[in-house]
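*Asks:* Input file: work23.txt. Contents: compact mmCIF, C-alpha atoms.
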# COMPACT_ATOMS: atom_id res chain seq x y z
CA MET R 133 26.59 -19.73 58.31
CA ILE R 134 25.40 -16.15 58.02
CA ARG R 135 28.58 -15.38 56.18
CA LYS R 136 27.86 -18.15 53.61
CA MET R 137 24.29 -16.91 53.15
CA SER R 138 25.32 -13.29 52.67
CA PHE R 139 28.00 -14.38 50.19
CA LYS R 140 25.39 -16.33 48.19
CA VAL R 141 22.96 -13.41 48.27
CA LEU R 142 25.72 -11.02 47.22
CA LEU R 143 26.73 -13.37 44.40
CA ILE R 144 23.13 -13.69 43.19
CA ILE R 145 22.65 -9.92 43.27
CA SER R 146 25.91 -9.40 41.37
CA VAL R 147 24.91 -11.88 38.68
CA MET R 148 21.48 -10.25 38.35
CA VAL R 149 23.00 -6.77 38.07
CA LEU R 150 25.47 -8.02 35.47
CA PHE R 151 22.71 -9.73 33.49
CA HIS R 152 20.51 -6.63 33.69
CA SER R 153 23.33 -4.33 32.54
CA CYS R 154 23.98 -6.64 29.55
CA ASN R 155 20.33 -6.42 28.54
CA ASP R 156 20.45 -2.63 28.83
CA LYS R 157 23.52 -2.58 26.59
CA LYS R 158 21.82 -4.84 24.04
CA ALA R 159 18.72 -2.64 24.10
CA GLU R 160 20.88 0.45 23.58
CA ASP R 161 22.66 -1.30 20.71
CA LEU R 162 19.34 -2.13 19.03
CA GLN R 163 18.15 1.44 19.52
CA GLY R 164 21.43 2.70 18.04
CA VAL R 165 21.16 0.47 14.97
CA LEU R 166 17.58 1.60 14.36
CA ALA R 167 18.56 5.26 14.70
CA LYS R 168 21.52 4.81 12.36
CA LYS R 169 19.37 3.06 9.74
CA GLU R 170 16.72 5.78 10.00
CA SER R 171 19.36 8.43 9.40
CA GLN R 172 20.88 6.44 6.54
CA THR R 173 17.45 6.05 4.92
CA SER R 174 16.68 9.74 5.28
CA SER R 175 19.89 10.83 3.62
CA MET R 176 19.39 8.23 0.88
CA LEU R 177 15.83 9.33 0.14
CA ILE R 178 15.66 13.03 0.93
CA GLY R 179 19.27 14.11 1.13
CA GLU R 180 20.52 16.67 -1.34
CA LYS R 181 22.93 14.14 -2.81
CA GLY R 182 20.70 11.14 -2.15
CA PHE R 183 19.43 8.59 -4.63
CA GLU R 184 16.03 10.19 -5.05
CA SER R 185 17.58 13.52 -5.96
CA ALA R 186 19.85 11.87 -8.54
CA LYS R 187 16.96 9.84 -9.93
CA LEU R 188 14.87 12.98 -10.31
CA ASP R 189 17.71 14.73 -12.16
CA TYR R 190 17.93 11.82 -14.60
CA LEU R 191 14.16 11.74 -15.08
CA ILE R 192 14.12 15.47 -15.82
CA ALA R 193 16.83 14.84 -18.41
CA HIS R 194 14.78 11.87 -19.76
CA ASP R 195 17.71 9.54 -19.09
CA TYR R 196 15.63 6.56 -18.04
CA THR R 197 18.50 4.08 -18.12
CA LYS R 198 20.46 6.01 -15.50
CA ALA R 199 17.30 6.55 -13.43
CA LEU R 200 16.72 2.79 -13.41
CA TYR R 201 20.35 2.26 -12.42
CA ILE R 202 19.83 4.57 -9.44
CA ILE R 203 16.81 2.48 -8.43
CA ASP R 204 19.01 -0.63 -8.52
CA LYS R 205 21.52 1.08 -6.20
CA GLU R 206 18.70 2.18 -3.94
CA GLU R 207 17.37 -1.37 -3.77
CA ALA R 208 20.80 -2.69 -2.81
CA GLU R 209 21.00 -0.10 -0.04
CA PHE R 210 17.54 -1.06 1.27
CA ASN R 211 18.61 -4.72 1.25
CA ASN R 212 21.70 -3.84 3.31
CA ILE R 213 19.60 -1.87 5.80
CA ILE R 214 17.20 -4.79 6.22
CA LYS R 215 20.06 -7.30 6.62
CA ASP R 216 21.76 -5.12 9.25
CA ILE R 217 18.56 -4.94 11.29
CA GLU R 218 18.04 -8.71 10.96
CA LYS R 219 21.56 -9.32 12.34
CA VAL R 220 20.91 -7.56 15.64
CA ASP R 221 20.71 -9.97 18.59
CA THR R 222 17.44 -9.31 20.42
CA ASP R 223 17.55 -12.23 22.86
CA GLY R 224 16.66 -11.12 26.36
CA ILE R 225 15.56 -7.61 25.32
CA GLN R 226 12.03 -6.65 26.29
CA LYS R 227 10.07 -5.91 23.09
CA GLY R 228 13.34 -6.33 21.17
CA LYS R 229 12.11 -8.96 18.74
CA GLU R 230 8.85 -7.08 18.16
CA VAL R 231 10.67 -3.82 17.39
CA GLN R 232 13.13 -5.63 15.14
CA GLN R 233 10.32 -7.29 13.16
CA ALA R 234 8.38 -4.02 12.91
CA ALA R 235 11.50 -2.22 11.64
CA ILE R 236 12.13 -4.93 9.06
CA GLY R 237 8.48 -4.77 7.98
CA TYR R 238 8.69 -0.99 7.67
CA TYR R 239 11.83 -1.05 5.55
CA VAL R 240 10.43 -3.82 3.34
CA VAL R 241 7.29 -1.82 2.49
CA LEU R 242 9.31 1.39 2.13
CA LYS R 243 11.55 -0.47 -0.32
CA GLU R 244 8.47 -1.68 -2.23
CA LEU R 245 7.25 1.90 -2.50
CA PHE R 246 10.51 3.26 -3.86
CA MET R 247 11.11 0.30 -6.16
CA PHE R 248 7.66 0.93 -7.61
CA SER R 249 9.29 3.72 -9.62
CA ARG R 250 10.58 1.09 -12.03
CA LYS R 251 7.06 0.42 -13.27
CA GLU R 252 6.35 4.12 -13.63
CA ILE R 253 9.57 4.78 -15.51
CA GLU R 254 8.84 1.97 -17.96
CA GLN R 255 5.46 3.51 -18.75
CA GLU R 256 6.99 6.96 -19.01
CA LYS R 257 9.51 5.63 -21.54
CA LEU R 258 6.70 4.18 -23.61
CA MET R 259 4.76 7.44 -23.56
CA ARG R 260 7.82 9.49 -24.49
CA TYR R 261 9.36 7.37 -27.22
CA SER R 262 6.50 5.45 -28.78
CA LYS R 263 5.09 6.60 -32.09
CA ASP R 264 2.05 4.32 -31.85
CA GLU R 265 -0.96 6.13 -30.42
CA LYS R 266 -2.41 2.88 -29.00
CA VAL R 267 0.80 2.17 -27.11
CA ILE R 268 0.84 5.70 -25.73
CA ARG R 269 -2.79 5.50 -24.63
CA ALA R 270 -2.22 2.08 -23.03
CA ALA R 271 0.82 3.48 -21.19
CA GLN R 272 -1.29 6.41 -19.93
CA ASP R 273 -3.98 4.02 -18.72
CA LYS R 274 -1.34 1.93 -17.01
CA MET R 275 0.05 5.04 -15.30
CA LEU R 276 -3.40 5.74 -13.84
CA GLU R 277 -3.59 2.17 -12.56
CA LEU R 278 -0.08 2.46 -11.12
CA GLY R 279 -1.13 5.65 -9.35
CA ARG R 280 -3.86 3.74 -7.51
CA GLU R 281 -1.43 0.94 -6.63
CA LYS R 282 1.09 3.48 -5.38
CA GLN R 283 -1.55 5.02 -3.12
CA GLN R 284 -2.09 1.59 -1.54
CA LEU R 285 1.67 1.29 -1.00
CA TYR R 286 1.69 4.67 0.75
CA GLN R 287 -1.03 3.37 3.06
CA LYS R 288 1.03 0.26 3.83
CA VAL R 289 4.06 2.43 4.62
CA PHE R 290 1.94 4.65 6.87
CA LYS R 291 0.61 1.64 8.80
CA ALA R 292 4.06 0.07 9.12
CA ASP R 293 5.52 3.38 10.31
CA GLU R 294 2.74 3.78 12.87
CA LYS R 295 3.31 0.24 14.17
CA LEU R 296 7.08 0.78 14.40
CA PHE R 297 6.62 4.10 16.20
CA THR R 298 4.29 2.54 18.78
CA LEU R 299 6.54 -0.46 19.40
CA LYS R 300 9.65 1.73 19.68
CA ARG R 301 7.96 3.79 22.40
CA GLN R 302 7.02 0.62 24.30
CA PHE R 303 10.54 -0.76 23.79
CA GLU R 304 12.12 2.45 25.10
CA SER R 305 9.79 2.53 28.08
CA GLU R 306 10.29 -1.10 29.06
CA ASN R 307 14.07 -0.89 28.64
CA LYS R 308 14.32 2.52 30.35
CA LEU R 309 15.87 4.21 27.31
CA LYS R 310 15.81 7.91 26.41
What's the structure tokens form of this structure?

*Replies:*
Amino acid sequence: MIRKMSFKVLLIISVMVLFHSCNDKKAEDLQGVLAKKESQTSSMLIGEKGFESAKLDYLIAHDYTKALYIIDKEEAEFNNIIKDIEKVDTDGIQKGKEVQQAAIGYYVVLKELFMFSRKEIEQEKLMRYSKDEKVIRAAQDKMLELGREKQQLYQKVFKADEKLFTLKRQFESENKLK
């Protein structure tokens, strides 16, 4: 009888250890995906050969068509990043779903901020190539308005980043990572 009880206890402990180690692996996988996407975003946005650098080169050369093309490529890359984070299985991970949603929210608002350049480039094209003084003045006014809108987007990115940072720390703590 004692032998049966100890076997059951040992079996229960083994199952619990196995389940716990699976959750740790899933938490590590989520952390790895988030780190990879952060690195990918950094190289895309601030890397020497990243999209923002190429876009700036085209804007300096007043090649607005190619600059807009770069924004399209950047948008596709942001979409891939968001999809990859959405695909991660967070079932059974403490704070996993919250971190995943915060990361998605962060990358969505970051994408909005960088896609905002389309509006600015359109106004810049009007100011550069228009011969009509009214059109130029309207484009300048619009640029001022866009500047205020962009400031609001920066605030949204800041708040989303702060939320993600806080949740990642809680996630790491609760899943005993780092």

*Asks:* Contacts of Met247 in chain R at 7 Å or less, counting all atoms listed in the file, minus same-chain residues fewer than 4 places along, as a ChimeraX atom specification?

*Replies:* /R:203,207,243

*Asks:* Just to be explicit: take each residue in the selection above, keep C-alpha atoms, and write the result as a PDB file, keeping the file's coordinate frame.

*Replies:*
ATOM      1  CA  ILE R 203      16.810   2.480  -8.430  1.00  0.00           C
ATOM      2  CA  GLU R 207      17.370  -1.370  -3.770  1.00  0.00           C
ATOM      3  CA  LYS R 243      11.550  -0.470  -0.320  1.00  0.00           C
TER       4      LYS R 243
END

*Asks:* When you count all atoms listed in the file, which of these residues is closest to Phe303 in chain R: R:Val240, R:Ile225, R:Ala208, R:Met275?

*Replies:*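 That would be R:Ile225, the residue with the smallest distance to Phe303 in chain R.
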
*Asks:* Measure the distance from CA of Arg250 in chain R to CA of Glu184 in chain R in Å and round it to one decimal.

*Replies:*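 Here the two named atoms are 12.7 Å from each other.
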
*Asks:* Considering only C-alpha atoms, state which residue in the set R:Ser305, R:Lys291, R:Gln233, R:Ile253 is at the smallest distance from Lys198 in chain R.

*Replies:*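 Counting only C-alpha atoms, the residue closest to Lys198 in chain R is R:Ile253.
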
*Asks:* Which distance in Å separates CA of Leu245 in chain R and CA of Leu285 in chain R, to one decimal?

*Replies:*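 These two atoms are separated by 5.8 Å.
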
*Asks:* Would you work out the distance separating CA of Gln284 in chain R from CA of Ile268 in chain R, expressed in Å to one decimal?

*Replies:* 24.7 Å

*Asks:* For Lys295 in chain R, which of R:Ala234, R:Ile213, R:Ser175, R:Asp204 is the closest residue, counting only C-alpha atoms?

*Replies:*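 Distance minimum relative to Lys295 in chain R lands on R:Ala234.
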
*Asks:* Using all atoms listed in the file, which residues sit within 10 Å of Glu304 in chain R once same-chain residues fewer than 6 positions away are excluded, as a JSON list (two decimals) with C-alpha atoms, in the coordinates of the input?

*Replies:*
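Final output, saved to result-v5.json:
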[["chain", "number", "residue", "atom", "x", "y", "z"],
["R", 159, "ALA", "CA", 18.72, -2.64, 24.10],
["R", 160, "GLU", "CA", 20.88, 0.45, 23.58],
["R", 163, "GLN", "CA", 18.15, 1.44, 19.52],
["R", 226, "GLN", "CA", 12.03, -6.65, 26.29],
["R", 227, "LYS", "CA", 10.07, -5.91, 23.09],
["R", 228, "GLY", "CA", 13.34, -6.33, 21.17],
["R", 310, "LYS", "CA", 15.81, 7.91, 26.41]]

*Asks:* What's the 12 Å shell around Asp273 in chain R, counting all atoms listed in the file, without same-chain residues fewer than 5 positions away, as a PDB file with C-alpha atoms, in the coordinates of the input?

*Replies:*
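So the final result, stored in out05.pdb, reads:
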ATOM      1  CA  GLU R 252       6.350   4.120 -13.630  1.00  0.00           C
ATOM      2  CA  GLN R 255       5.460   3.510 -18.750  1.00  0.00           C
ATOM      3  CA  GLU R 256       6.990   6.960 -19.010  1.00  0.00           C
ATOM      4  CA  LEU R 258       6.700   4.180 -23.610  1.00  0.00           C
ATOM      5  CA  MET R 259       4.760   7.440 -23.560  1.00  0.00           C
ATOM      6  CA  LYS R 266      -2.410   2.880 -29.000  1.00  0.00           C
ATOM      7  CA  VAL R 267       0.800   2.170 -27.110  1.00  0.00           C
ATOM      8  CA  ILE R 268       0.840   5.700 -25.730  1.00  0.00           C
ATOM      9  CA  LEU R 278      -0.080   2.460 -11.120  1.00  0.00           C
ATOM     10  CA  GLY R 279      -1.130   5.650  -9.350  1.00  0.00           C
ATOM     11  CA  ARG R 280      -3.860   3.740  -7.510  1.00  0.00           C
TER      12      ARG R 280
END

*Asks:* Using only C-alpha atoms, find all polymer residues with an atom at most 10 Å away from the point (11.2, -4.9, 9.6); report them as an MDAnalysis selection string.

*Replies:* chainID R and resid 213:215 217:218 230:242 292 296

*Asks:* Based on the selection just made, write C-alpha atoms of those residues as a PDB file, in the frame of the given file.

*Replies:*
ATOM      1  CA  ILE R 213      19.600  -1.870   5.800  1.00  0.00           C
ATOM      2  CA  ILE R 214      17.200  -4.790   6.220  1.00  0.00           C
ATOM      3  CA  LYS R 215      20.060  -7.300   6.620  1.00  0.00           C
ATOM      4  CA  ILE R 217      18.560  -4.940  11.290  1.00  0.00           C
ATOM      5  CA  GLU R 218      18.040  -8.710  10.960  1.00  0.00           C
ATOM      6  CA  GLU R 230       8.850  -7.080  18.160  1.00  0.00           C
ATOM      7  CA  VAL R 231      10.670  -3.820  17.390  1.00  0.00           C
ATOM      8  CA  GLN R 232      13.130  -5.630  15.140  1.00  0.00           C
ATOM      9  CA  GLN R 233      10.320  -7.290  13.160  1.00  0.00           C
ATOM     10  CA  ALA R 234       8.380  -4.020  12.910  1.00  0.00           C
ATOM     11  CA  ALA R 235      11.500  -2.220  11.640  1.00  0.00           C
ATOM     12  CA  ILE R 236      12.130  -4.930   9.060  1.00  0.00           C
ATOM     13  CA  GLY R 237       8.480  -4.770   7.980  1.00  0.00           C
ATOM     14  CA  TYR R 238       8.690  -0.990   7.670  1.00  0.00           C
ATOM     15  CA  TYR R 239      11.830  -1.050   5.550  1.00  0.00           C
ATOM     16  CA  VAL R 240      10.430  -3.820   3.340  1.00  0.00           C
ATOM     17  CA  VAL R 241       7.290  -1.820   2.490  1.00  0.00           C
ATOM     18  CA  LEU R 242       9.310   1.390   2.130  1.00  0.00           C
ATOM     19  CA  ALA R 292       4.060   0.070   9.120  1.00  0.00           C
ATOM     20  CA  LEU R 296       7.080   0.780  14.400  1.00  0.00           C
TER      21      LEU R 296
END

*Asks:* From the list R:Asp293, R:Glu244, R:Leu299, R:Asp161, which residue is nearest Glu281 in chain R when using only C-alpha atoms?

*Replies:*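 Of R:Asp293, R:Glu244, R:Leu299, R:Asp161, the one nearest Glu281 in chain R, counting only C-alpha atoms, is R:Glu244.
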
*Asks:* Between R:Tyr190, R:Lys288, R:Phe210, R:Asp156, which residue has the minimum interatomic distance to Glu170 in chain R, considering only C-alpha atoms?

*Replies:*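 For Glu170 in chain R, the nearest of the given residues is R:Phe210.
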